[in-house]
$ cat run23.tsv   # TSV, C-alpha atoms
chain	number	residue	atom	x	y	z
B	175	MET	CA	6.09	11.09	0.55
B	176	SER	CA	3.15	12.27	2.56
B	177	VAL	CA	-0.54	11.73	3.17
B	178	ARG	CA	-2.92	14.19	4.78
B	179	VAL	CA	-6.55	14.06	5.87
B	180	GLN	CA	-7.98	17.52	6.39
B	181	LEU	CA	-11.10	19.67	6.60
B	182	ALA	CA	-9.58	22.49	4.60
B	183	ASP	CA	-9.55	22.77	0.83
B	184	PHE	CA	-6.24	22.35	-1.01
B	185	ASP	CA	-4.47	24.38	-3.71
B	186	VAL	CA	-3.46	21.96	-6.46
B	187	GLY	CA	-0.85	24.29	-7.94
B	188	ALA	CA	0.80	24.96	-4.59
B	189	GLU	CA	0.82	21.25	-3.70
B	190	ILE	CA	2.46	20.29	-7.00
B	191	LEU	CA	4.99	23.09	-6.72
B	192	ALA	CA	5.94	21.99	-3.19
B	193	LEU	CA	6.37	18.40	-4.37
B	194	ARG	CA	8.57	19.22	-7.37
B	195	ARG	CA	10.51	22.24	-6.13
B	196	GLY	CA	14.26	21.96	-6.65
B	197	ASN	CA	14.26	18.31	-7.76
B	198	PRO	CA	15.94	18.04	-11.18
B	199	LYS	CA	15.37	14.26	-11.29
B	200	ILE	CA	11.64	14.73	-11.87
B	201	GLY	CA	10.67	14.46	-15.52
B	202	ALA	CA	6.97	13.76	-15.07
B	203	ILE	CA	4.16	14.55	-12.67
B	204	ALA	CA	0.73	12.93	-12.82
B	205	SER	CA	-2.14	14.16	-10.69
B	206	PHE	CA	-5.73	13.19	-10.00
B	207	ILE	CA	-8.36	15.45	-8.45
B	208	GLY	CA	-11.69	14.04	-7.30
B	209	LEU	CA	-14.68	16.41	-7.12
B	210	VAL	CA	-18.18	16.38	-5.64
B	211	ARG	CA	-20.83	15.97	-8.34
B	212	ASP	CA	-24.30	17.50	-8.09
B	213	ILE	CA	-26.12	14.29	-8.89
B	214	ASN	CA	-25.81	10.66	-7.78
B	215	GLU	CA	-28.11	7.71	-8.48
B	216	GLY	CA	-30.45	10.20	-10.18
B	217	ASP	CA	-30.91	12.49	-7.18
B	218	ASP	CA	-29.66	16.02	-6.59
B	219	VAL	CA	-26.93	16.12	-3.98
B	220	ALA	CA	-26.89	19.27	-1.84
B	221	VAL	CA	-24.19	18.33	0.66
B	222	MET	CA	-21.86	15.37	1.02
B	223	THR	CA	-20.31	14.63	4.41
B	224	LEU	CA	-17.13	12.59	4.58
B	225	GLU	CA	-16.24	10.60	7.67
B	226	HIS	CA	-12.96	8.77	8.38
B	227	TYR	CA	-11.28	6.60	11.00
B	228	PRO	CA	-8.60	8.85	12.53
B	229	GLY	CA	-5.33	6.98	12.70
B	230	MET	CA	-6.28	4.01	10.57
B	231	THR	CA	-7.13	6.12	7.52
B	232	GLU	CA	-3.70	7.76	7.51
B	233	LYS	CA	-2.02	4.36	8.02
B	234	ALA	CA	-4.01	2.83	5.17
B	235	LEU	CA	-3.10	5.68	2.81
B	236	GLU	CA	0.57	5.40	3.73
B	237	ALA	CA	0.49	1.64	3.10
B	238	ILE	CA	-1.04	2.22	-0.36
B	239	VAL	CA	1.70	4.71	-1.27
B	240	VAL	CA	4.36	2.26	-0.06
B	241	ARG	CA	2.89	-0.43	-2.33
B	242	ALA	CA	2.95	1.96	-5.29
B	243	ARG	CA	6.59	2.74	-4.56
B	244	GLU	CA	7.45	-0.95	-4.45
B	245	ARG	CA	5.80	-1.50	-7.80
B	246	TRP	CA	7.00	1.53	-9.79
B	247	ASP	CA	10.12	3.61	-9.83
B	248	ILE	CA	8.53	6.83	-8.61
B	249	LEU	CA	10.27	9.73	-6.91
B	250	ASP	CA	7.57	11.13	-4.65
B	251	ALA	CA	3.85	10.89	-3.93
B	252	LEU	CA	1.27	12.98	-2.15
B	253	VAL	CA	-2.28	12.11	-1.09
B	254	VAL	CA	-4.61	14.76	0.35
B	255	HIS	CA	-8.17	13.72	1.27
B	256	ARG	CA	-10.78	16.04	2.70
B	257	ILE	CA	-13.35	15.23	5.38
B	258	GLY	CA	-16.40	17.08	6.67
B	259	ALA	CA	-19.18	18.76	4.73
B	260	LEU	CA	-18.53	19.27	1.01
B	261	ARG	CA	-20.71	20.68	-1.75
B	262	PRO	CA	-20.97	20.07	-5.50
B	263	THR	CA	-17.86	21.33	-7.34
B	264	ASP	CA	-15.74	21.06	-4.14
B	265	GLN	CA	-12.46	19.16	-4.32
B	266	ILE	CA	-12.44	15.89	-2.33
B	267	VAL	CA	-9.15	14.20	-3.03
B	268	LEU	CA	-5.76	14.93	-4.60
B	269	VAL	CA	-3.12	12.40	-5.66
B	270	VAL	CA	0.18	13.63	-7.10
B	271	VAL	CA	3.02	11.34	-8.22
B	272	SER	CA	6.41	12.36	-9.59
B	273	SER	CA	8.83	10.18	-11.52
B	274	ALA	CA	11.55	10.40	-14.14
B	275	HIS	CA	9.22	9.33	-16.96
B	276	ARG	CA	5.47	9.58	-17.47
B	277	GLY	CA	4.57	5.88	-17.52
B	278	GLU	CA	5.40	5.30	-13.86
B	279	ALA	CA	3.68	8.49	-12.72
B	280	PHE	CA	0.45	7.74	-14.62
B	281	ALA	CA	0.29	4.12	-13.46
B	282	ALA	CA	1.15	4.80	-9.83
B	283	CYS	CA	-1.37	7.65	-9.63
B	284	GLU	CA	-4.18	5.42	-10.92
B	285	PHE	CA	-3.10	2.55	-8.65
B	286	ILE	CA	-3.14	4.79	-5.57
B	287	MET	CA	-6.63	6.09	-6.43
B	288	ASP	CA	-8.02	2.61	-7.12
B	289	TYR	CA	-6.72	1.29	-3.81
B	290	LEU	CA	-7.86	4.39	-1.94
B	291	LYS	CA	-11.41	3.81	-3.20
B	292	THR	CA	-11.56	0.26	-1.83
B	293	GLU	CA	-9.19	0.17	1.15
B	294	ALA	CA	-8.93	3.57	2.84
B	295	PRO	CA	-11.57	4.01	5.58
B	296	PHE	CA	-13.68	6.92	4.35
B	297	TRP	CA	-17.46	6.98	4.13
B	298	LYS	CA	-19.70	9.41	2.25
B	299	LYS	CA	-23.15	10.50	3.33
B	300	GLU	CA	-25.23	12.46	0.86
B	301	GLN	CA	-27.99	14.92	1.63
B	302	THR	CA	-30.44	14.82	-1.27
B	303	ASP	CA	-33.94	16.17	-1.73
B	304	LYS	CA	-35.10	12.75	-0.47
B	305	GLY	CA	-33.10	13.02	2.78
B	306	GLY	CA	-29.76	11.72	4.02
B	307	ARG	CA	-28.27	8.46	2.78
B	308	TRP	CA	-24.95	6.66	3.06
B	309	VAL	CA	-23.28	6.02	-0.28
B	310	GLU	CA	-23.05	2.31	-1.13
B	311	ALA	CA	-19.75	0.79	-2.16
B	312	ARG	CA	-19.57	0.01	-5.90
B	313	ALA	CA	-18.58	-3.33	-7.38
B	314	SER	CA	-16.86	-1.45	-10.22
B	315	ASP	CA	-14.42	0.01	-7.68
B	316	GLU	CA	-13.55	-3.49	-6.44
B	317	ASP	CA	-13.01	-4.52	-10.07
B	318	ALA	CA	-10.67	-1.58	-10.61
B	319	THR	CA	-8.51	-2.64	-7.66
B	320	ALA	CA	-8.61	-6.29	-8.70
B	321	ARG	CA	-7.03	-5.40	-12.05
B	322	TRP	CA	-3.78	-4.51	-10.27
B	323	LYS	CA	-3.81	-7.77	-8.32
B	324	ALA	CA	-4.10	-9.82	-11.50
B	325	GLY	CA	-0.44	-8.98	-11.99
B	326	SER	CA	-0.87	-7.23	-15.31
X	74	MET	CA	-10.94	-8.73	29.55
X	75	SER	CA	-12.00	-5.50	28.00
X	76	VAL	CA	-11.53	-4.10	24.50
X	77	LYS	CA	-12.31	-0.80	22.82
X	78	VAL	CA	-14.99	-1.20	20.18
X	79	LEU	CA	-15.61	1.42	17.48
X	80	PHE	CA	-18.43	1.79	14.95
X	81	PHE	CA	-18.36	4.04	11.91
X	82	ALA	CA	-20.70	5.61	9.36
X	83	SER	CA	-24.11	3.93	8.87
X	84	LEU	CA	-23.29	1.38	11.56
X	85	ARG	CA	-22.60	4.09	14.16
X	86	GLU	CA	-25.88	5.82	13.30
X	87	GLN	CA	-27.85	2.59	13.36
X	88	LEU	CA	-26.50	1.55	16.76
X	89	GLY	CA	-26.32	5.02	18.26
X	90	VAL	CA	-22.79	4.26	19.49
X	91	GLY	CA	-19.46	5.45	18.14
X	92	ALA	CA	-17.06	4.03	20.70
X	93	GLU	CA	-17.27	2.01	23.89
X	94	GLU	CA	-15.18	-0.02	26.30
X	95	CYS	CA	-16.58	-3.52	26.18
X	96	GLU	CA	-16.06	-6.11	28.92
X	97	LEU	CA	-15.95	-9.53	27.27
X	98	PRO	CA	-16.95	-12.83	28.82
X	99	GLY	CA	-14.36	-15.62	28.89
X	100	GLY	CA	-13.95	-17.43	25.58
X	101	VAL	CA	-14.53	-14.39	23.39
X	102	ALA	CA	-11.14	-14.27	21.69
X	103	THR	CA	-11.76	-13.68	17.98
X	104	VAL	CA	-13.47	-11.11	15.77
X	105	ALA	CA	-16.24	-13.60	14.98
X	106	ALA	CA	-16.83	-14.30	18.68
X	107	LEU	CA	-16.91	-10.58	19.50
X	108	ARG	CA	-19.42	-9.97	16.71
X	109	ALA	CA	-21.60	-12.82	17.99
X	110	HIS	CA	-21.31	-11.49	21.56
X	111	LEU	CA	-22.43	-7.99	20.49
X	112	MET	CA	-25.38	-9.53	18.63
X	113	THR	CA	-26.74	-10.95	21.90
X	114	ARG	CA	-27.57	-7.38	22.93
X	115	GLY	CA	-30.85	-7.40	21.03
X	116	GLU	CA	-32.61	-6.98	17.73
X	117	ALA	CA	-30.95	-3.72	16.69
X	118	TRP	CA	-27.54	-5.34	17.15
X	119	GLN	CA	-28.58	-8.48	15.28
X	120	LEU	CA	-29.74	-6.36	12.37
X	121	ALA	CA	-26.64	-4.18	12.33
X	122	LEU	CA	-24.07	-6.95	12.73
X	123	GLY	CA	-25.88	-9.91	11.16
X	124	GLU	CA	-24.38	-12.06	8.44
X	125	LYS	CA	-26.41	-10.38	5.73
X	126	ARG	CA	-24.68	-7.11	6.44
X	127	ALA	CA	-21.48	-6.52	4.46
X	128	LEU	CA	-19.10	-5.45	7.20
X	129	ARG	CA	-15.42	-4.77	7.48
X	130	VAL	CA	-13.53	-5.23	10.74
X	131	ALA	CA	-10.17	-3.81	11.80
X	132	VAL	CA	-8.16	-4.87	14.86
X	133	ASN	CA	-5.70	-2.26	16.09
X	134	GLN	CA	-6.24	-0.36	12.83
X	135	ASP	CA	-5.30	-3.25	10.54
X	136	MET	CA	-7.92	-5.02	8.44
X	137	ALA	CA	-8.97	-8.24	10.15
X	138	LYS	CA	-10.80	-11.46	9.36
X	139	ALA	CA	-13.41	-13.40	11.30
X	140	GLU	CA	-10.73	-15.61	12.81
X	141	THR	CA	-8.39	-12.74	13.80
X	142	CYS	CA	-7.54	-12.88	17.53
X	143	VAL	CA	-8.82	-10.24	19.92
X	144	LYS	CA	-6.81	-9.57	23.09
X	145	ALA	CA	-7.33	-7.38	26.15
X	146	GLY	CA	-6.81	-3.71	25.32
X	147	ASP	CA	-7.27	-4.16	21.55
X	148	GLU	CA	-9.13	-1.61	19.45
X	149	VAL	CA	-11.72	-3.36	17.28
X	150	ALA	CA	-13.58	-1.32	14.65
X	151	PHE	CA	-16.67	-2.37	12.71
X	152	PHE	CA	-17.62	-0.45	9.57
X	153	PRO	CA	-19.37	-0.75	6.20
X	154	PRO	CA	-17.40	-1.10	2.93
X	155	VAL	CA	-15.50	2.13	2.32
X	156	THR	CA	-16.69	4.85	-0.09
X	157	GLY	CA	-14.00	7.54	-0.15
X	158	GLY	CA	-12.26	9.25	-3.03

$ encode --input "run23.tsv" --output "structure tokens"
Amino acid sequence: MSVRVQLADFDVGAEILALRRGNPKIGAIASFIGLVRDINEGDDVAVMTLEHYPGMTEKALEAIVVRARERWDILDALVVHRIGALRPTDQIVLVVVSSAHRGEAFAACEFIMDYLKTEAPFWKKEQTDKGGRWVEARASDEDATARWKAGS
Amino acid sequence: MSVKVLFFASLREQLGVGAEECELPGGVATVAALRAHLMTRGEAWQLALGEKRALRVAVNQDMAKAETCVKAGDEVAFFPPVTGG
């Protein structure tokens, strides 16, 4: 189980291989990769800068993974989140979950992403043709996290 | 007593401060009281930390509420709702 916050890009294939290598109990791996889009709220985005709270961000990510582990029978999980200046098509975030069967891996991967969006201290600032602006939190992200709390 | 106060993202830019050691007057012992104390610094602080502003607060890197206690040496962070991922 690990979480990382880093400036550098990540290699999805290498990360998945490292997570699964030599573990014959793994029957399923689910992954999510978040990317920078070239447009937001109707404006062209040239650069997106990601800021975090060193220390707390890592703690928050670890706590989210622990909650996923308590809820589903998963074998391992990895979260990698980039910070710094990113451009359209760049990778922002990677979540990988391994389990014996696919259901747990899919669900835990989505759960981790939903909680990351609403609880992990990261902030995005976009540079558009209209200048710099901080991205506003979305109510739909809060709704996505609330689904898991409803005890479905 | 003194505490370490941190500001992130739009709040840091608005206030022009990322981190500071803050000496608190007696009686300032909760997140709400600290927020009110900082707002006495002037209009920019009232705008940034006012009730209309959706803010999150963490004490010693755990999410906190208005009534969460603040003790000497604590690290108190103010920031806008998060937008990662």

$ residues_around --input "run23.tsv" --residues "region 314-326 of chain B" --least-positions-apart "5" --cutoff "10 Å" --atoms "only C-alpha atoms" --output "ChimeraX atom specification"
/B:284-293 /X:156

$ atom_distance --input "run23.tsv" --atom1 "CA of Trp246 (chain B)" --atom2 "CA of Val271 (chain B)"
10.7 Å

$ interface_residues --input "run23.tsv" --of "chain B" --to "chain X" --cutoff "7 Å" --atoms "only C-alpha atoms" --output "list in words"
Gly208, Glu225, Met230, Ile266, Val267, Leu290, Lys291, Thr292, Glu293, Ala294, Pro295, Phe296, Trp297, Lys298, Trp308, Val309, Glu310 and Ala311 of chain B

$ atom_distance --input "run23.tsv" --atom1 "CA of Leu193 (chain B)" --atom2 "CA of Val239 (chain B)"
14.8 Å

$ residues_near_point --input "run23.tsv" --point "(-11.9, -2.6, 21.0)" --cutoff "7 Å" --atoms "all atoms listed in the file" --output "list in words"
Val76, Lys77, Val78, Leu79, Glu94, Gly146, Asp147, Glu148, Val149 and Ala150 of chain X

$ closest_residue --input "run23.tsv" --among "B:Ile238, B:Val179, B:Leu209, B:Ala251" --to "His226 (chain B)" --atoms "all atoms listed in the file"
B:Val179
